[in-house]
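Peer 1: This one is run-v4.pdb, PDB, C-alpha atoms.
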```pdb
MODEL        1
ATOM      1  CA  MET O   1       0.000   0.000   0.000  1.00  0.00           C
ATOM      2  CA  ASP O   2       1.334   3.398  -0.965  1.00  0.00           C
ATOM      3  CA  ALA O   3       0.329   6.626   0.727  1.00  0.00           C
ATOM      4  CA  ARG O   4      -1.591   9.176  -1.317  1.00  0.00           C
ATOM      5  CA  LEU O   5       0.894  11.876  -0.290  1.00  0.00           C
ATOM      6  CA  ASN O   6       4.468  11.697   0.885  1.00  0.00           C
ATOM      7  CA  TYR O   7       4.702  14.095   3.793  1.00  0.00           C
ATOM      8  CA  PHE O   8       8.489  13.720   3.886  1.00  0.00           C
ATOM      9  CA  THR O   9       9.052  15.085   0.364  1.00  0.00           C
ATOM     10  CA  ASP O  10       6.292  17.686   0.068  1.00  0.00           C
ATOM     11  CA  PRO O  11       7.574  21.232   0.779  1.00  0.00           C
ATOM     12  CA  THR O  12       4.323  22.460   2.347  1.00  0.00           C
ATOM     13  CA  ALA O  13       4.082  19.391   4.552  1.00  0.00           C
ATOM     14  CA  GLY O  14       7.705  19.880   5.575  1.00  0.00           C
ATOM     15  CA  LYS O  15       7.012  23.444   6.694  1.00  0.00           C
ATOM     16  CA  VAL O  16       3.900  22.490   8.656  1.00  0.00           C
ATOM     17  CA  LEU O  17       5.005  19.150  10.079  1.00  0.00           C
ATOM     18  CA  LYS O  18       8.074  20.602  11.779  1.00  0.00           C
ATOM     19  CA  TYR O  19       5.636  22.499  13.991  1.00  0.00           C
ATOM     20  CA  VAL O  20       3.456  19.426  14.449  1.00  0.00           C
ATOM     21  CA  MET O  21       6.516  17.432  15.536  1.00  0.00           C
ATOM     22  CA  SER O  22       7.512  20.269  17.875  1.00  0.00           C
ATOM     23  CA  ALA O  23       4.035  20.198  19.438  1.00  0.00           C
ATOM     24  CA  GLY O  24       4.328  16.437  19.885  1.00  0.00           C
ATOM     25  CA  LYS O  25       7.671  16.897  21.641  1.00  0.00           C
ATOM     26  CA  ALA O  26       6.179  19.528  23.965  1.00  0.00           C
ATOM     27  CA  LEU O  27       3.407  17.099  24.889  1.00  0.00           C
ATOM     28  CA  LYS O  28       5.941  14.312  25.563  1.00  0.00           C
ATOM     29  CA  ASP O  29       7.741  16.697  27.929  1.00  0.00           C
ATOM     30  CA  SER O  30       4.551  17.681  29.768  1.00  0.00           C
ATOM     31  CA  PRO O  31       3.794  16.513  33.327  1.00  0.00           C
ATOM     32  CA  LEU O  32       1.099  14.115  32.073  1.00  0.00           C
ATOM     33  CA  PRO O  33       2.484  10.630  32.851  1.00  0.00           C
ATOM     34  CA  ALA O  34       4.136   8.992  29.837  1.00  0.00           C
ATOM     35  CA  ALA O  35       2.119   5.785  30.231  1.00  0.00           C
ATOM     36  CA  THR O  36      -1.112   7.794  30.240  1.00  0.00           C
ATOM     37  CA  GLN O  37      -0.005   9.649  27.129  1.00  0.00           C
ATOM     38  CA  GLU O  38       0.602   6.423  25.217  1.00  0.00           C
ATOM     39  CA  LEU O  39      -2.647   4.822  26.385  1.00  0.00           C
ATOM     40  CA  VAL O  40      -4.640   7.904  25.373  1.00  0.00           C
ATOM     41  CA  ALA O  41      -2.853   8.199  22.018  1.00  0.00           C
ATOM     42  CA  LEU O  42      -3.542   4.531  21.364  1.00  0.00           C
ATOM     43  CA  ARG O  43      -7.226   4.747  22.338  1.00  0.00           C
ATOM     44  CA  VAL O  44      -7.899   7.846  20.217  1.00  0.00           C
ATOM     45  CA  SER O  45      -6.174   6.141  17.287  1.00  0.00           C
ATOM     46  CA  GLN O  46      -8.227   2.965  17.779  1.00  0.00           C
ATOM     47  CA  ILE O  47     -11.474   4.944  17.747  1.00  0.00           C
ATOM     48  CA  ASN O  48     -10.444   6.769  14.577  1.00  0.00           C
ATOM     49  CA  GLY O  49      -9.034   3.665  12.900  1.00  0.00           C
ATOM     50  CA  CYS O  50      -5.587   5.179  12.311  1.00  0.00           C
ATOM     51  CA  ALA O  51      -3.411   2.134  11.657  1.00  0.00           C
ATOM     52  CA  VAL O  52      -0.113   4.014  11.486  1.00  0.00           C
ATOM     53  CA  CYS O  53      -0.762   5.695  14.858  1.00  0.00           C
ATOM     54  CA  ILE O  54      -1.887   2.421  16.434  1.00  0.00           C
ATOM     55  CA  ASP O  55       1.353   0.869  15.172  1.00  0.00           C
ATOM     56  CA  MET O  56       3.437   3.756  16.507  1.00  0.00           C
ATOM     57  CA  HIS O  57       1.867   4.093  19.935  1.00  0.00           C
ATOM     58  CA  THR O  58       1.686   0.372  20.604  1.00  0.00           C
ATOM     59  CA  LYS O  59       5.389   0.036  19.827  1.00  0.00           C
ATOM     60  CA  GLU O  60       6.387   3.184  21.743  1.00  0.00           C
ATOM     61  CA  ALA O  61       4.436   2.032  24.802  1.00  0.00           C
ATOM     62  CA  ALA O  62       5.941  -1.455  24.652  1.00  0.00           C
ATOM     63  CA  ALA O  63       9.445  -0.007  24.274  1.00  0.00           C
ATOM     64  CA  ALA O  64       8.787   2.117  27.373  1.00  0.00           C
ATOM     65  CA  GLY O  65       7.881  -1.009  29.351  1.00  0.00           C
ATOM     66  CA  GLU O  66       4.103  -1.161  28.927  1.00  0.00           C
ATOM     67  CA  THR O  67       2.769  -4.710  29.189  1.00  0.00           C
ATOM     68  CA  SER O  68       1.072  -6.519  26.322  1.00  0.00           C
ATOM     69  CA  VAL O  69      -1.894  -7.229  28.587  1.00  0.00           C
ATOM     70  CA  ARG O  70      -2.598  -3.539  29.121  1.00  0.00           C
ATOM     71  CA  LEU O  71      -1.989  -2.672  25.477  1.00  0.00           C
ATOM     72  CA  ASN O  72      -4.333  -5.424  24.340  1.00  0.00           C
ATOM     73  CA  LEU O  73      -7.039  -4.256  26.747  1.00  0.00           C
ATOM     74  CA  VAL O  74      -7.037  -0.538  25.876  1.00  0.00           C
ATOM     75  CA  ALA O  75      -9.934  -1.032  23.460  1.00  0.00           C
ATOM     76  CA  ALA O  76     -11.981  -2.589  26.288  1.00  0.00           C
ATOM     77  CA  TRP O  77     -10.636  -0.495  29.175  1.00  0.00           C
ATOM     78  CA  ARG O  78     -14.022  -0.181  30.908  1.00  0.00           C
ATOM     79  CA  GLU O  79     -14.152  -3.907  31.626  1.00  0.00           C
ATOM     80  CA  ALA O  80     -10.419  -4.301  32.288  1.00  0.00           C
ATOM     81  CA  THR O  81      -8.994  -4.275  35.801  1.00  0.00           C
ATOM     82  CA  VAL O  82      -5.441  -3.386  34.766  1.00  0.00           C
ATOM     83  CA  PHE O  83      -5.847   0.401  34.564  1.00  0.00           C
ATOM     84  CA  THR O  84      -5.624   2.886  37.417  1.00  0.00           C
ATOM     85  CA  GLU O  85      -8.516   5.198  38.227  1.00  0.00           C
ATOM     86  CA  ALA O  86      -6.508   8.111  36.805  1.00  0.00           C
ATOM     87  CA  GLU O  87      -5.870   6.219  33.556  1.00  0.00           C
ATOM     88  CA  ARG O  88      -9.556   5.336  33.330  1.00  0.00           C
ATOM     89  CA  ALA O  89     -10.456   9.008  33.749  1.00  0.00           C
ATOM     90  CA  ALA O  90      -8.018   9.967  30.983  1.00  0.00           C
ATOM     91  CA  LEU O  91      -9.320   7.251  28.654  1.00  0.00           C
ATOM     92  CA  GLU O  92     -12.914   8.321  29.235  1.00  0.00           C
ATOM     93  CA  LEU O  93     -12.085  11.958  28.534  1.00  0.00           C
ATOM     94  CA  ALA O  94     -10.185  10.860  25.420  1.00  0.00           C
ATOM     95  CA  GLU O  95     -13.187   8.907  24.157  1.00  0.00           C
ATOM     96  CA  GLU O  96     -15.679  11.717  24.704  1.00  0.00           C
ATOM     97  CA  GLY O  97     -13.227  14.259  23.285  1.00  0.00           C
ATOM     98  CA  THR O  98     -12.790  12.118  20.182  1.00  0.00           C
ATOM     99  CA  ARG O  99     -16.438  11.236  19.667  1.00  0.00           C
ATOM    100  CA  VAL O 100     -17.714  14.806  19.820  1.00  0.00           C
ATOM    101  CA  ALA O 101     -20.202  14.263  17.001  1.00  0.00           C
ATOM    102  CA  ASP O 102     -21.560  11.158  18.725  1.00  0.00           C
ATOM    103  CA  ALA O 103     -21.670  12.764  22.158  1.00  0.00           C
ATOM    104  CA  ALA O 104     -23.677  15.764  20.876  1.00  0.00           C
ATOM    105  CA  GLY O 105     -22.502  17.765  23.864  1.00  0.00           C
ATOM    106  CA  GLY O 106     -18.793  17.089  23.757  1.00  0.00           C
ATOM    107  CA  VAL O 107     -17.174  16.116  27.031  1.00  0.00           C
ATOM    108  CA  SER O 108     -19.738  15.858  29.823  1.00  0.00           C
ATOM    109  CA  ASP O 109     -19.355  17.675  33.134  1.00  0.00           C
ATOM    110  CA  GLU O 110     -19.150  14.304  34.903  1.00  0.00           C
ATOM    111  CA  VAL O 111     -16.278  13.088  32.733  1.00  0.00           C
ATOM    112  CA  TRP O 112     -14.472  16.400  33.143  1.00  0.00           C
ATOM    113  CA  ALA O 113     -14.891  16.335  36.933  1.00  0.00           C
ATOM    114  CA  TYR O 114     -13.619  12.740  37.084  1.00  0.00           C
ATOM    115  CA  ALA O 115     -10.504  13.706  35.119  1.00  0.00           C
ATOM    116  CA  ALA O 116     -10.008  16.846  37.235  1.00  0.00           C
ATOM    117  CA  LYS O 117     -10.096  14.652  40.335  1.00  0.00           C
ATOM    118  CA  HIS O 118      -6.972  12.835  39.111  1.00  0.00           C
ATOM    119  CA  TYR O 119      -5.012  15.484  37.207  1.00  0.00           C
ATOM    120  CA  ASP O 120      -3.937  19.016  38.041  1.00  0.00           C
ATOM    121  CA  GLU O 121      -4.591  21.911  35.653  1.00  0.00           C
ATOM    122  CA  GLU O 122      -1.296  21.553  33.788  1.00  0.00           C
ATOM    123  CA  GLN O 123      -1.848  17.820  33.308  1.00  0.00           C
ATOM    124  CA  LEU O 124      -5.459  18.397  32.212  1.00  0.00           C
ATOM    125  CA  THR O 125      -4.252  20.958  29.696  1.00  0.00           C
ATOM    126  CA  ALA O 126      -1.759  18.453  28.322  1.00  0.00           C
ATOM    127  CA  LEU O 127      -4.464  15.773  28.209  1.00  0.00           C
ATOM    128  CA  VAL O 128      -6.887  18.010  26.281  1.00  0.00           C
ATOM    129  CA  ILE O 129      -4.165  19.073  23.840  1.00  0.00           C
ATOM    130  CA  LEU O 130      -3.036  15.452  23.434  1.00  0.00           C
ATOM    131  CA  VAL O 131      -6.562  14.277  22.556  1.00  0.00           C
ATOM    132  CA  SER O 132      -6.919  17.135  20.064  1.00  0.00           C
ATOM    133  CA  PHE O 133      -3.425  16.558  18.670  1.00  0.00           C
ATOM    134  CA  MET O 134      -4.024  12.835  18.168  1.00  0.00           C
ATOM    135  CA  ASN O 135      -7.313  13.498  16.393  1.00  0.00           C
ATOM    136  CA  MET O 136      -5.521  15.879  14.023  1.00  0.00           C
ATOM    137  CA  VAL O 137      -2.631  13.485  13.345  1.00  0.00           C
ATOM    138  CA  ASN O 138      -5.044  10.576  12.871  1.00  0.00           C
ATOM    139  CA  ARG O 139      -6.856  12.561  10.215  1.00  0.00           C
ATOM    140  CA  LEU O 140      -3.631  13.503   8.429  1.00  0.00           C
ATOM    141  CA  ASN O 141      -2.737   9.825   8.237  1.00  0.00           C
ATOM    142  CA  ILE O 142      -6.178   8.419   7.433  1.00  0.00           C
ATOM    143  CA  ILE O 143      -6.975  10.883   4.636  1.00  0.00           C
ATOM    144  CA  THR O 144      -3.689  10.089   2.906  1.00  0.00           C
ATOM    145  CA  GLN O 145      -3.786   6.357   3.710  1.00  0.00           C
ATOM    146  CA  GLN O 146      -0.391   6.232   5.386  1.00  0.00           C
ATOM    147  CA  PRO O 147       0.717   2.592   5.614  1.00  0.00           C
ATOM    148  CA  ALA O 148       1.342   0.924   8.973  1.00  0.00           C
ATOM    149  CA  GLY O 149       3.631  -1.790  10.238  1.00  0.00           C
ATOM    150  CA  ASN O 150       7.133  -0.444   9.706  1.00  0.00           C
ATOM    151  CA  TYR O 151       7.397   2.020  12.588  1.00  0.00           C
ATOM    152  CA  GLU O 152      10.461   1.677  14.818  1.00  0.00           C
ATOM    153  CA  PRO O 153      10.298   2.998  18.421  1.00  0.00           C
ATOM    154  CA  GLY O 154      11.955   6.400  18.668  1.00  0.00           C
ATOM    155  CA  GLN O 155      11.767   6.982  14.933  1.00  0.00           C
ATOM    156  CA  PHE O 156      10.253  10.464  15.266  1.00  0.00           C
ATOM    157  CA  HIS O 157      11.926  11.573  18.501  1.00  0.00           C
TER     158      HIS O 157
ENDMDL
END
```
What is this file in structure tokens?
Peer 2:
Amino acid sequence: MDARLNYFTDPTAGKVLKYVMSAGKALKDSPLPAATQELVALRVSQINGCAVCIDMHTKEAAAAGETSVRLNLVAAWREATVFTEAERAALELAEEGTRVADAAGGVSDEVWAYAAKHYDEEQLTALVILVSFMNMVNRLNIITQQPAGNYEPGQFH
């Protein structure tokens, strides 16, 4: 499968994506726990069906020490006992923040309050930006049918 566009050779993409990569780096450096970041990135990508992002975030999480059990259960996190309450709050916010058209009201007050119970304002800011960022990146990859399977951990860092 070949991508519709090659972001690495297109001059406009090159100009824009350097800022996208910089934003991704700023999120990685935020106080939101790294494991939470990978779980949220993976869940948003699963919802959107972004194969290249699922590939990337599964491999990055595994390289950082995440267990296969937890990675395999992200899609069914509500029924899984392997996630902390804070992670569950982040995953729920990620789902509602990704399914805004389905939710009709965006993120509910209850979901926001649950997340705010576990994360301070700086972490919540990072979480909101991460969910938004992943939705944007998913769309960049899905629209252009970027192929998945060849990502190597650390490739874009």
Peer 1: List the spatial neighbours of O:Leu17 as a ChimeraX atom specification - criterion: any atom at most 9 Å away, only C-alpha atoms, same-chain residues fewer than 5 positions off excluded.
Peer 2: /O:7-8,12,22
Peer 1: On this structure, which residues satisfy the PyMOL selection byres ((chain O and resi 6) around 12), written as a ChimeraX atom specification?
Peer 2: /O:2-5,7-14,17,140-141,144-147
Peer 1: Please expand the PyMOL selection byres ((chain O and resi 63) around 12) into the concrete residues it hits in this file, giving the result as a short mmCIF file (atom, residue, chain, number, x, y, z; two decimals) with C-alpha atoms, keeping the file's coordinate frame.
Peer 2:
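That gives us result_18.cif:
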```
data_model
loop_
_atom_site.label_atom_id
_atom_site.label_comp_id
_atom_site.auth_asym_id
_atom_site.auth_seq_id
_atom_site.Cartn_x
_atom_site.Cartn_y
_atom_site.Cartn_z
CA ALA O 34 4.14 8.99 29.84
CA ALA O 35 2.12 5.78 30.23
CA GLU O 38 0.60 6.42 25.22
CA MET O 56 3.44 3.76 16.51
CA HIS O 57 1.87 4.09 19.93
CA THR O 58 1.69 0.37 20.60
CA LYS O 59 5.39 0.04 19.83
CA GLU O 60 6.39 3.18 21.74
CA ALA O 61 4.44 2.03 24.80
CA ALA O 62 5.94 -1.46 24.65
CA ALA O 64 8.79 2.12 27.37
CA GLY O 65 7.88 -1.01 29.35
CA GLU O 66 4.10 -1.16 28.93
CA THR O 67 2.77 -4.71 29.19
CA SER O 68 1.07 -6.52 26.32
CA LEU O 71 -1.99 -2.67 25.48
CA GLU O 152 10.46 1.68 14.82
CA PRO O 153 10.30 3.00 18.42
CA GLY O 154 11.96 6.40 18.67
CA GLN O 155 11.77 6.98 14.93
#
```
Peer 1: Record the distance separating atom CA of O:Val107 and atom CA of O:Leu93, expressed in Å with one decimal.
Peer 2: 6.7 Å
Peer 1: Report as an MDAnalysis selection string all protein, DNA and RNA residues lying within 10 Å of O:Gly106, evaluated on all atoms listed in the file, omitting residues in the same chain fewer than 3 positions from it.
Peer 2: chainID O and resid 93 95:103 109
Peer 1: Would you save the residues from that selection as a short mmCIF file (atom, residue, chain, number, x, y, z; two decimals), keeping the file's coordinate frame, using C-alpha atoms?
Peer 2:
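Final output, saved to part37.cif:
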```cif
data_model
loop_
_atom_site.label_atom_id
_atom_site.label_comp_id
_atom_site.auth_asym_id
_atom_site.auth_seq_id
_atom_site.Cartn_x
_atom_site.Cartn_y
_atom_site.Cartn_z
CA LEU O 93 -12.08 11.96 28.53
CA GLU O 95 -13.19 8.91 24.16
CA GLU O 96 -15.68 11.72 24.70
CA GLY O 97 -13.23 14.26 23.28
CA THR O 98 -12.79 12.12 20.18
CA ARG O 99 -16.44 11.24 19.67
CA VAL O 100 -17.71 14.81 19.82
CA ALA O 101 -20.20 14.26 17.00
CA ASP O 102 -21.56 11.16 18.73
CA ALA O 103 -21.67 12.76 22.16
CA ASP O 109 -19.36 17.68 33.13
#
```
Peer 1: Stretch 132-138 of chain O: which residues within 9 Å, counting all atoms listed in the file, same-chain residues fewer than 3 positions away excluded, as a list of chain:residue names?
Peer 2: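 Counting all atoms listed in the file, the residues come to O:Val20, O:Ala23, O:Gly24, O:Val40, O:Ala41, O:Leu42, O:Val44, O:Ser45, O:Asn48, O:Gly49, O:Cys50, O:Ala51, O:Val52, O:Cys53, O:Ala94, O:Gly97, O:Thr98, O:Leu127, O:Val128, O:Ile129, O:Asn141, O:Ile142, O:Ile143.
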Peer 1: Based on the selection just made, write C-alpha atoms of those residues as a tab-separated table (two decimals), in the frame of the given file.
Peer 2:
```tsv
chain	number	residue	atom	x	y	z
O	20	VAL	CA	3.46	19.43	14.45
O	23	ALA	CA	4.04	20.20	19.44
O	24	GLY	CA	4.33	16.44	19.89
O	40	VAL	CA	-4.64	7.90	25.37
O	41	ALA	CA	-2.85	8.20	22.02
O	42	LEU	CA	-3.54	4.53	21.36
O	44	VAL	CA	-7.90	7.85	20.22
O	45	SER	CA	-6.17	6.14	17.29
O	48	ASN	CA	-10.44	6.77	14.58
O	49	GLY	CA	-9.03	3.66	12.90
O	50	CYS	CA	-5.59	5.18	12.31
O	51	ALA	CA	-3.41	2.13	11.66
O	52	VAL	CA	-0.11	4.01	11.49
O	53	CYS	CA	-0.76	5.70	14.86
O	94	ALA	CA	-10.18	10.86	25.42
O	97	GLY	CA	-13.23	14.26	23.28
O	98	THR	CA	-12.79	12.12	20.18
O	127	LEU	CA	-4.46	15.77	28.21
O	128	VAL	CA	-6.89	18.01	26.28
O	129	ILE	CA	-4.16	19.07	23.84
O	141	ASN	CA	-2.74	9.82	8.24
O	142	ILE	CA	-6.18	8.42	7.43
O	143	ILE	CA	-6.98	10.88	4.64
```
Peer 1: Have a look at atom CA of O:Ile54 and atom CA of O:Ala116 and let me know their distance in Å, one decimal.
Peer 2: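 Atom CA of O:Ala116 lies 26.6 Å from atom CA of O:Ile54.
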